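Data block for run.cif (mmCIF, C-alpha atoms):
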data_query
#
loop_
_atom_site.label_atom_id
_atom_site.label_comp_id
_atom_site.auth_asym_id
_atom_site.auth_seq_id
_atom_site.Cartn_x
_atom_site.Cartn_y
_atom_site.Cartn_z
CA MET C 1 3.46 0.13 1.49
CA GLN C 2 4.76 -2.30 4.05
CA ARG C 3 2.33 -4.65 5.74
CA THR C 4 2.00 -2.53 8.89
CA GLU C 5 1.56 0.66 6.86
CA GLY C 6 -1.15 -0.71 4.59
CA GLY C 7 -2.73 -2.79 7.35
CA SER C 8 -3.29 0.15 9.71
CA LEU C 9 -4.84 2.63 7.28
CA LEU C 10 -7.80 4.72 8.41
CA THR C 11 -10.83 5.36 6.24
CA ILE C 12 -10.08 9.09 6.31
CA GLU C 13 -6.64 8.44 4.80
CA ILE C 14 -8.01 6.87 1.63
CA PRO C 15 -7.91 9.38 -1.29
CA ASP C 16 -11.21 10.42 -2.82
CA LEU C 17 -11.67 9.42 -6.46
CA ALA C 18 -14.31 12.11 -6.90
CA GLY C 19 -11.55 14.43 -8.09
CA GLY C 20 -11.51 12.54 -11.38
CA ALA C 21 -8.06 10.95 -11.21
CA ARG C 22 -7.68 8.47 -14.06
CA TYR C 23 -4.69 6.45 -12.97
CA PHE C 24 -3.21 7.31 -9.57
CA CYS C 25 -3.99 9.30 -6.44
CA ASP C 26 -1.48 10.27 -3.80
CA GLY C 27 -1.86 9.98 -0.05
CA LYS C 28 0.22 10.32 3.11
CA LEU C 29 1.36 7.77 5.64
CA GLY C 30 1.74 8.96 9.23
CA ARG C 31 5.27 8.81 10.58
CA GLU C 32 4.41 6.52 13.52
CA VAL C 33 3.33 3.62 11.26
CA THR C 34 6.30 3.76 8.90
CA LYS C 35 9.50 1.79 9.51
CA SER C 36 11.63 4.91 9.06
CA LYS C 37 9.42 6.95 11.43
CA ARG C 38 8.96 9.70 8.88
CA GLU C 39 5.84 10.81 7.07
CA ARG C 40 5.87 9.89 3.40
CA THR C 41 3.76 10.01 0.24
CA VAL C 42 2.35 6.87 -1.35
CA PHE C 43 0.38 6.32 -4.55
CA TYR C 44 -2.85 4.39 -5.03
CA SER C 45 -4.02 3.17 -8.41
CA ALA C 46 -7.53 4.24 -9.37
CA ASP C 47 -8.51 0.59 -9.81
CA ALA C 48 -7.34 -0.24 -6.29
CA LEU C 49 -9.26 2.70 -4.84
CA ARG C 50 -12.43 1.62 -6.62
CA ALA C 51 -12.01 -1.84 -5.09
CA VAL C 52 -11.53 -0.32 -1.63
CA GLU C 53 -14.62 1.85 -2.06
CA THR C 54 -16.64 -1.23 -2.99
CA TYR C 55 -15.32 -3.06 0.08
CA MET C 56 -16.30 -0.13 2.30
CA ARG C 57 -19.84 -0.08 0.93
CA THR C 58 -20.39 -3.84 1.17
CA SER C 59 -18.29 -6.22 3.30
CA ARG C 60 -17.05 -3.56 5.71
CA ARG C 61 -20.48 -2.01 6.18
CA ALA C 62 -22.02 -5.44 6.82
CA ALA C 63 -19.36 -6.24 9.47
CA ILE C 64 -20.05 -2.92 11.23
CA ARG C 65 -23.81 -3.54 11.26
CA ARG C 66 -23.32 -7.00 12.78
CA ALA C 67 -21.05 -5.57 15.49
CA GLN C 68 -23.47 -2.74 16.24
CA ALA C 69 -26.40 -5.15 16.50
CA LYS C 70 -24.49 -7.14 19.14
CA GLY C 71 -23.41 -4.02 21.03
CA ARG C 72 -19.78 -4.97 20.51
CA TYR C 73 -18.41 -1.44 20.16
CA GLU C 74 -20.25 -0.04 23.18
CA ALA C 75 -18.74 -2.82 25.31
CA MET C 76 -15.17 -1.94 24.30
CA ARG C 77 -12.92 0.06 26.60
CA GLY C 78 -10.33 2.76 25.87
CA LEU C 79 -12.01 4.13 22.75
CA TRP C 80 -11.27 7.59 21.39
CA ILE C 81 -14.28 9.18 19.71
CA VAL C 82 -13.46 11.54 16.84
CA THR C 83 -15.73 14.58 17.09
CA GLY C 84 -14.12 16.73 14.39
CA ARG C 85 -11.11 17.46 12.22
CA SER C 86 -9.15 20.62 11.46
CA GLY C 87 -5.80 21.95 10.34
CA PHE C 88 -3.83 21.32 7.17
CA GLU C 89 -5.56 18.66 5.07
CA GLN C 90 -7.90 18.01 8.03
CA ARG C 91 -5.23 15.90 9.74
CA GLU C 92 -5.75 17.28 13.27
CA LEU C 93 -8.29 15.06 15.06
CA HIS C 94 -10.52 16.34 17.87
CA LEU C 95 -11.04 13.48 20.31
CA VAL C 96 -12.95 12.52 23.44
CA ASP C 97 -11.92 9.53 25.56
CA GLU C 98 -14.14 7.34 27.74
CA THR C 99 -13.64 9.64 30.75
CA GLY C 100 -14.91 12.64 28.80
CA GLU C 101 -11.51 14.25 28.42
CA VAL C 102 -11.19 16.35 25.25
CA PHE C 103 -7.87 16.42 23.41
CA GLU C 104 -6.31 16.63 19.94
CA ARG C 105 -3.91 14.40 18.02
CA ASN C 106 -2.47 14.74 14.54
CA ILE C 107 -2.87 11.67 12.36
CA THR C 108 0.86 11.46 11.76
CA SER C 109 1.49 11.02 15.52
CA LEU C 110 -0.81 7.98 15.86
CA ASP C 111 0.83 4.57 16.08
CA VAL C 112 -0.83 1.25 15.25
CA GLU C 113 -2.31 0.83 18.75
CA ASP C 114 -3.66 4.40 18.79
CA ARG C 115 -5.39 3.88 15.48
CA GLN C 116 -7.28 0.87 16.79
CA GLN C 117 -8.90 3.12 19.41
CA LEU C 118 -10.38 5.60 16.90
CA TYR C 119 -14.16 5.52 16.44
CA VAL C 120 -16.83 7.86 15.11
CA GLU C 121 -20.55 8.16 15.73
CA GLY C 122 -22.25 6.85 12.61
CA GLU C 123 -25.93 6.53 11.75
CA GLY C 124 -26.19 3.20 13.54
CA GLY C 125 -23.91 4.02 16.43
CA LEU C 126 -20.18 3.74 16.98
CA GLU C 127 -18.01 2.51 14.13
CA PRO C 128 -14.22 2.23 13.72
CA LEU C 129 -12.05 4.49 11.57
CA TRP C 130 -9.70 1.52 10.98
CA LEU C 131 -10.16 0.56 7.34
CA TRP C 132 -9.72 -3.22 7.36
CA LEU C 133 -12.15 -5.06 9.64
CA SER C 134 -12.56 -8.69 10.58
CA GLU C 135 -15.94 -10.38 10.15
CA ASP C 136 -16.87 -9.49 13.72
CA GLY C 137 -16.35 -5.79 12.94
CA ARG C 138 -13.17 -5.28 14.93
CA PRO C 139 -9.89 -3.99 13.44
CA PHE C 140 -8.11 -6.64 11.38
CA LEU C 141 -4.54 -6.48 12.66
CA PRO C 142 -1.63 -6.08 10.22
CA HIS C 143 0.10 -9.38 11.07
CA SER C 144 -3.12 -11.25 10.23
CA TRP C 145 -2.64 -10.53 6.53
CA GLU C 146 0.02 -13.25 6.38
CA ALA C 147 -2.66 -15.83 7.17
CA VAL C 148 -4.98 -14.37 4.52
CA TYR C 149 -2.33 -14.73 1.84
CA ARG C 150 -1.44 -18.26 3.00
CA ALA C 151 -5.09 -19.32 2.86
CA ALA C 152 -5.50 -17.86 -0.63
CA SER C 153 -2.35 -19.60 -1.83
CA GLU C 154 -3.58 -22.90 -0.37
CA ARG C 155 -6.90 -22.54 -2.21
CA CYS C 156 -4.97 -21.99 -5.43
CA ARG C 157 -2.88 -25.09 -4.74
CA VAL C 158 -5.94 -27.26 -4.11
CA LEU C 159 -7.74 -26.05 -7.21
CA LEU C 160 -4.82 -25.90 -9.63
CA GLU C 161 -2.42 -28.63 -8.58
CA GLY C 162 -1.95 -30.95 -11.54
CA LYS C 163 -3.59 -28.44 -13.90
CA VAL C 164 -0.75 -25.92 -14.06
CA SER C 165 2.97 -26.45 -13.65
CA LYS C 166 3.30 -24.08 -10.70
CA PRO C 167 0.22 -23.01 -8.72
CA PRO C 168 0.63 -19.38 -7.59
CA TYR C 169 1.94 -18.71 -4.12
CA PHE C 170 1.80 -15.14 -2.84
CA THR C 171 2.79 -13.18 0.28
CA PRO C 172 2.42 -9.51 1.29
CA HIS C 173 6.16 -9.04 0.81
CA MET C 174 5.94 -10.47 -2.71
CA ALA C 175 3.23 -7.89 -3.49
CA ARG C 176 5.53 -5.09 -2.35
CA HIS C 177 8.48 -6.60 -4.20
CA THR C 178 6.52 -6.97 -7.45
CA PHE C 179 5.39 -3.36 -7.18
CA ALA C 180 8.99 -2.23 -6.77
CA LEU C 181 10.12 -4.11 -9.86
CA PHE C 182 7.22 -2.78 -11.93
CA ILE C 183 8.00 0.80 -10.95
CA LEU C 184 11.69 0.32 -11.67
CA ALA C 185 10.96 -1.08 -15.12
CA ALA C 186 8.41 1.64 -15.89
CA LEU C 187 10.75 4.43 -14.80
CA GLN C 188 13.70 3.04 -16.73
CA HIS C 189 11.57 2.59 -19.82
CA ALA C 190 10.06 6.06 -19.55
CA LEU C 191 13.42 7.76 -19.08
CA ASP C 192 15.22 5.86 -21.82
CA ASN C 193 12.52 5.45 -24.42
CA ARG C 194 9.02 6.84 -23.96
CA PHE C 195 10.00 10.47 -23.37
CA GLY C 196 12.40 10.48 -26.32
CA LEU C 197 15.05 12.29 -24.29
CA THR C 198 18.49 12.95 -25.67
CA PRO C 199 21.49 11.71 -23.63
CA GLN C 200 22.02 15.25 -22.33
CA GLU C 201 18.34 15.60 -21.39
CA ARG C 202 18.42 12.27 -19.56
CA LYS C 203 21.49 13.43 -17.64
CA GLU C 204 19.78 16.67 -16.65
CA PHE C 205 16.61 14.81 -15.64
CA ARG C 206 18.58 12.45 -13.40
CA LEU C 207 20.53 15.30 -11.84
CA LEU C 208 17.27 17.03 -10.99
CA TYR C 209 15.15 14.07 -9.84
CA GLY C 210 17.63 11.22 -9.30
CA ASP C 211 17.84 7.97 -11.24
CA SER C 212 15.24 5.19 -11.21
CA TRP C 213 16.86 3.34 -8.32
CA ARG C 214 16.70 6.42 -6.11
CA LEU C 215 13.07 7.07 -6.99
CA VAL C 216 12.11 3.49 -6.17
CA LYS C 217 14.17 3.65 -2.98
CA ASN C 218 12.11 6.68 -1.89
CA LEU C 219 8.81 5.00 -2.79
CA LEU C 220 9.74 1.95 -0.72
CA ASP C 221 11.08 4.08 2.15
CA HIS C 222 14.40 2.26 2.20
CA ALA C 223 17.22 3.65 4.33
CA SER C 224 19.73 3.58 1.47
CA GLU C 225 19.85 3.21 -2.28
CA GLU C 226 22.31 0.35 -1.82
CA THR C 227 19.60 -1.67 -0.08
CA THR C 228 17.34 -1.20 -3.06
CA ARG C 229 20.04 -2.06 -5.58
CA SER C 230 21.85 -5.01 -4.07
CA ILE C 231 19.27 -6.69 -1.83
CA TYR C 232 15.65 -5.81 -2.45
CA LEU C 233 15.75 -5.66 -6.24
CA ALA C 234 18.34 -8.39 -6.72
CA PRO C 235 16.34 -10.26 -9.40
CA VAL C 236 16.71 -7.36 -11.82
CA SER C 237 20.44 -6.92 -11.34
CA ASP C 238 21.41 -9.44 -14.02
CA LEU C 239 19.09 -8.11 -16.69
CA GLN C 240 20.66 -6.06 -19.47
CA VAL C 241 19.49 -2.52 -20.09
CA ARG C 242 18.27 -3.56 -23.52
CA SER C 243 15.55 -5.68 -21.90
CA LEU C 244 14.09 -2.42 -20.53
CA LEU C 245 13.93 -0.84 -23.98
CA LEU C 246 11.07 -2.70 -25.61
CA GLU C 247 9.05 -0.96 -28.29
CA ASP C 248 5.69 -0.52 -26.59
CA ASN C 249 5.71 1.01 -23.12
CA HIS C 250 2.94 -1.01 -21.47
CA ASP C 251 3.73 -4.28 -23.21
CA GLY C 252 7.43 -3.69 -22.60
CA VAL C 253 7.02 -3.41 -18.84
CA THR C 254 4.69 -6.41 -18.81
CA GLU C 255 7.17 -8.53 -20.73
CA LEU C 256 10.01 -7.43 -18.47
CA LEU C 257 8.10 -8.48 -15.37
CA ALA C 258 7.33 -11.82 -16.99
CA GLN C 259 11.08 -12.32 -17.55
CA ILE C 260 11.87 -11.44 -13.94
CA ALA C 261 9.06 -13.64 -12.59
CA ARG C 262 10.50 -16.64 -14.40
CA LEU C 263 13.82 -16.05 -12.62
CA SER C 264 12.63 -15.10 -9.14
CA GLU C 265 10.59 -16.75 -6.39
CA ARG C 266 9.81 -13.31 -4.94
CA VAL C 267 7.81 -11.97 -7.89
CA MET C 268 4.32 -12.96 -8.99
CA ASP C 269 3.27 -12.62 -12.62
CA GLU C 270 -0.44 -13.37 -12.89
CA VAL C 271 -0.33 -13.77 -16.68
CA ALA C 272 2.46 -16.30 -16.55
CA SER C 273 0.71 -18.17 -13.77
#
Would it be possible to restate this file's structure as structure tokens?
Amino acid sequence: MQRTEGGSLLTIEIPDLAGGARYFCDGKLGREVTKSKRERTVFYSADALRAVETYMRTSRRAAIRRAQAKGRYEAMRGLWIVTGRSGFEQRELHLVDETGEVFERNITSLDVEDRQQLYVEGEGGLEPLWLWLSEDGRPFLPHSWEAVYRAASERCRVLLEGKVSKPPYFTPHMARHTFALFILAALQHALDNRFGLTPQERKEFRLLYGDSWRLVKNLLDHASEETTRSIYLAPVSDLQVRSLLLEDNHDGVTELLAQIARLSERVMDEVAS
């Protein structure tokens, strides 16, 4: 996801791990928060979802309680209270505004500003549907994540300077870029090695689903495959195909990312760091 997409998620958009997914769960991004202005599917790792669930039960819940105790939400203006949900995948929201007007909006039609207005009546009073909250309980705006990453990188510099050759420095865009490279390597490795496909089978697979670049392009919501190839994934362009064909699938992808990280300032490899 891009910073605005991930930074404006609602709690009701987070997939439920109760279904027993072991590795990944899929979810949808509303068209009004995506750069392309089209609804698209994204994938969450099970580990990431468990971390989000922990955040919701602890830090997020504590921030909401503090805000409720100070009457912060009741003092806010322009709120939309969600009274129910219906329709396909429960994506149609039933809303009431501060004047008492009743109306409906589909999640996909809500932009970043609309999402900040969404609240529900919880056990302790009003609480936001916006997933990421600041310490005062209000929505943590997408652009603020840049400062979070800068502060974390500065802490790493202070603690590790002189102890490691290159203290880690990380940005939201680097996170997205690293994801793209990992997926590219994993797809290439799976197509060329793990599945044991013959050349003809690989050709048929690519005709049906597209090659790895196209799949990554769709995951990143790029306008064109050329953007993915020549600009966004430039660090991988000089690597030979043989570097994608390591013996063990997991270790192979990990080693490939380590190689790319050594050559690129846009990729973070936590093991190498």
Counting all atoms listed in the file, the residue among C:Arg115, C:Arg105, C:Arg40, C:Arg157 that lies closest to Gly78 of chain C is C:Arg115
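Among the candidates C:Ala152, C:Leu49, C:Ala75, C:Leu9, the one nearest to Pro167 of chain C when counting only C-alpha atoms is C:Ala152.
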Check the smallest atom-to-atom distance from each of C:Glu53, C:Asp16, C:Glu5, C:Glu146 to Lys37 of chain C using only C-alpha atoms, then report the winner.
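Among C:Glu53, C:Asp16, C:Glu5, C:Glu146, it is C:Glu5 that comes nearest to Lys37 of chain C.
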Closest to Leu110 of chain C among C:Phe43, C:Phe88, C:Trp132, C:Trp80, using all atoms listed in the file?
C:Trp80
Written as a PyMOL selection string, which residues does the PyMOL selection byres ((chain C and resi 140-145) around 12) give for the file shown?
chain C and resi 1-10+33+60+63+112-113+115-116+128-139+146-152+170-173+175
Applying the PyMOL selection byres ((chain C and resi 119) around 7) to the file I just gave you, which residues come out? Please list them as a short mmCIF file (atom, residue, chain, number, x, y, z; two decimals) with C-alpha atoms, in the frame of the given file.
data_model
loop_
_atom_site.label_atom_id
_atom_site.label_comp_id
_atom_site.auth_asym_id
_atom_site.auth_seq_id
_atom_site.Cartn_x
_atom_site.Cartn_y
_atom_site.Cartn_z
CA LEU C 79 -12.01 4.13 22.75
CA TRP C 80 -11.27 7.59 21.39
CA ILE C 81 -14.28 9.18 19.71
CA VAL C 82 -13.46 11.54 16.84
CA GLN C 117 -8.90 3.12 19.41
CA LEU C 118 -10.38 5.60 16.90
CA VAL C 120 -16.83 7.86 15.11
CA GLU C 121 -20.55 8.16 15.73
CA LEU C 126 -20.18 3.74 16.98
CA GLU C 127 -18.01 2.51 14.13
CA PRO C 128 -14.22 2.23 13.72
CA LEU C 129 -12.05 4.49 11.57
#
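Residues lying within 8 Å of Phe103 of chain C, counting all atoms listed in the file and ignoring same-chain neighbours fewer than 5 positions away, are His94, Leu95 and Val96 of chain C.
As for atom CA of Lys28 of chain C and atom CA of Asn106 of chain C, they are spaced 12.5 Å apart.
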Distance atom CA of Met174 of chain C-atom CA of His222 of chain C, one decimal place?
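Distance between the two atoms: 16.1 Å.
Take the PyMOL selection byres ((chain C and resi 46) around 10) and apply it to this file: it picks Pro15, Asp16, Leu17, Gly20, Ala21, Arg22, Tyr23, Phe24, Cys25, Phe43, Tyr44, Ser45, Asp47, Ala48, Leu49, Arg50, Ala51 and Val52 of chain C.
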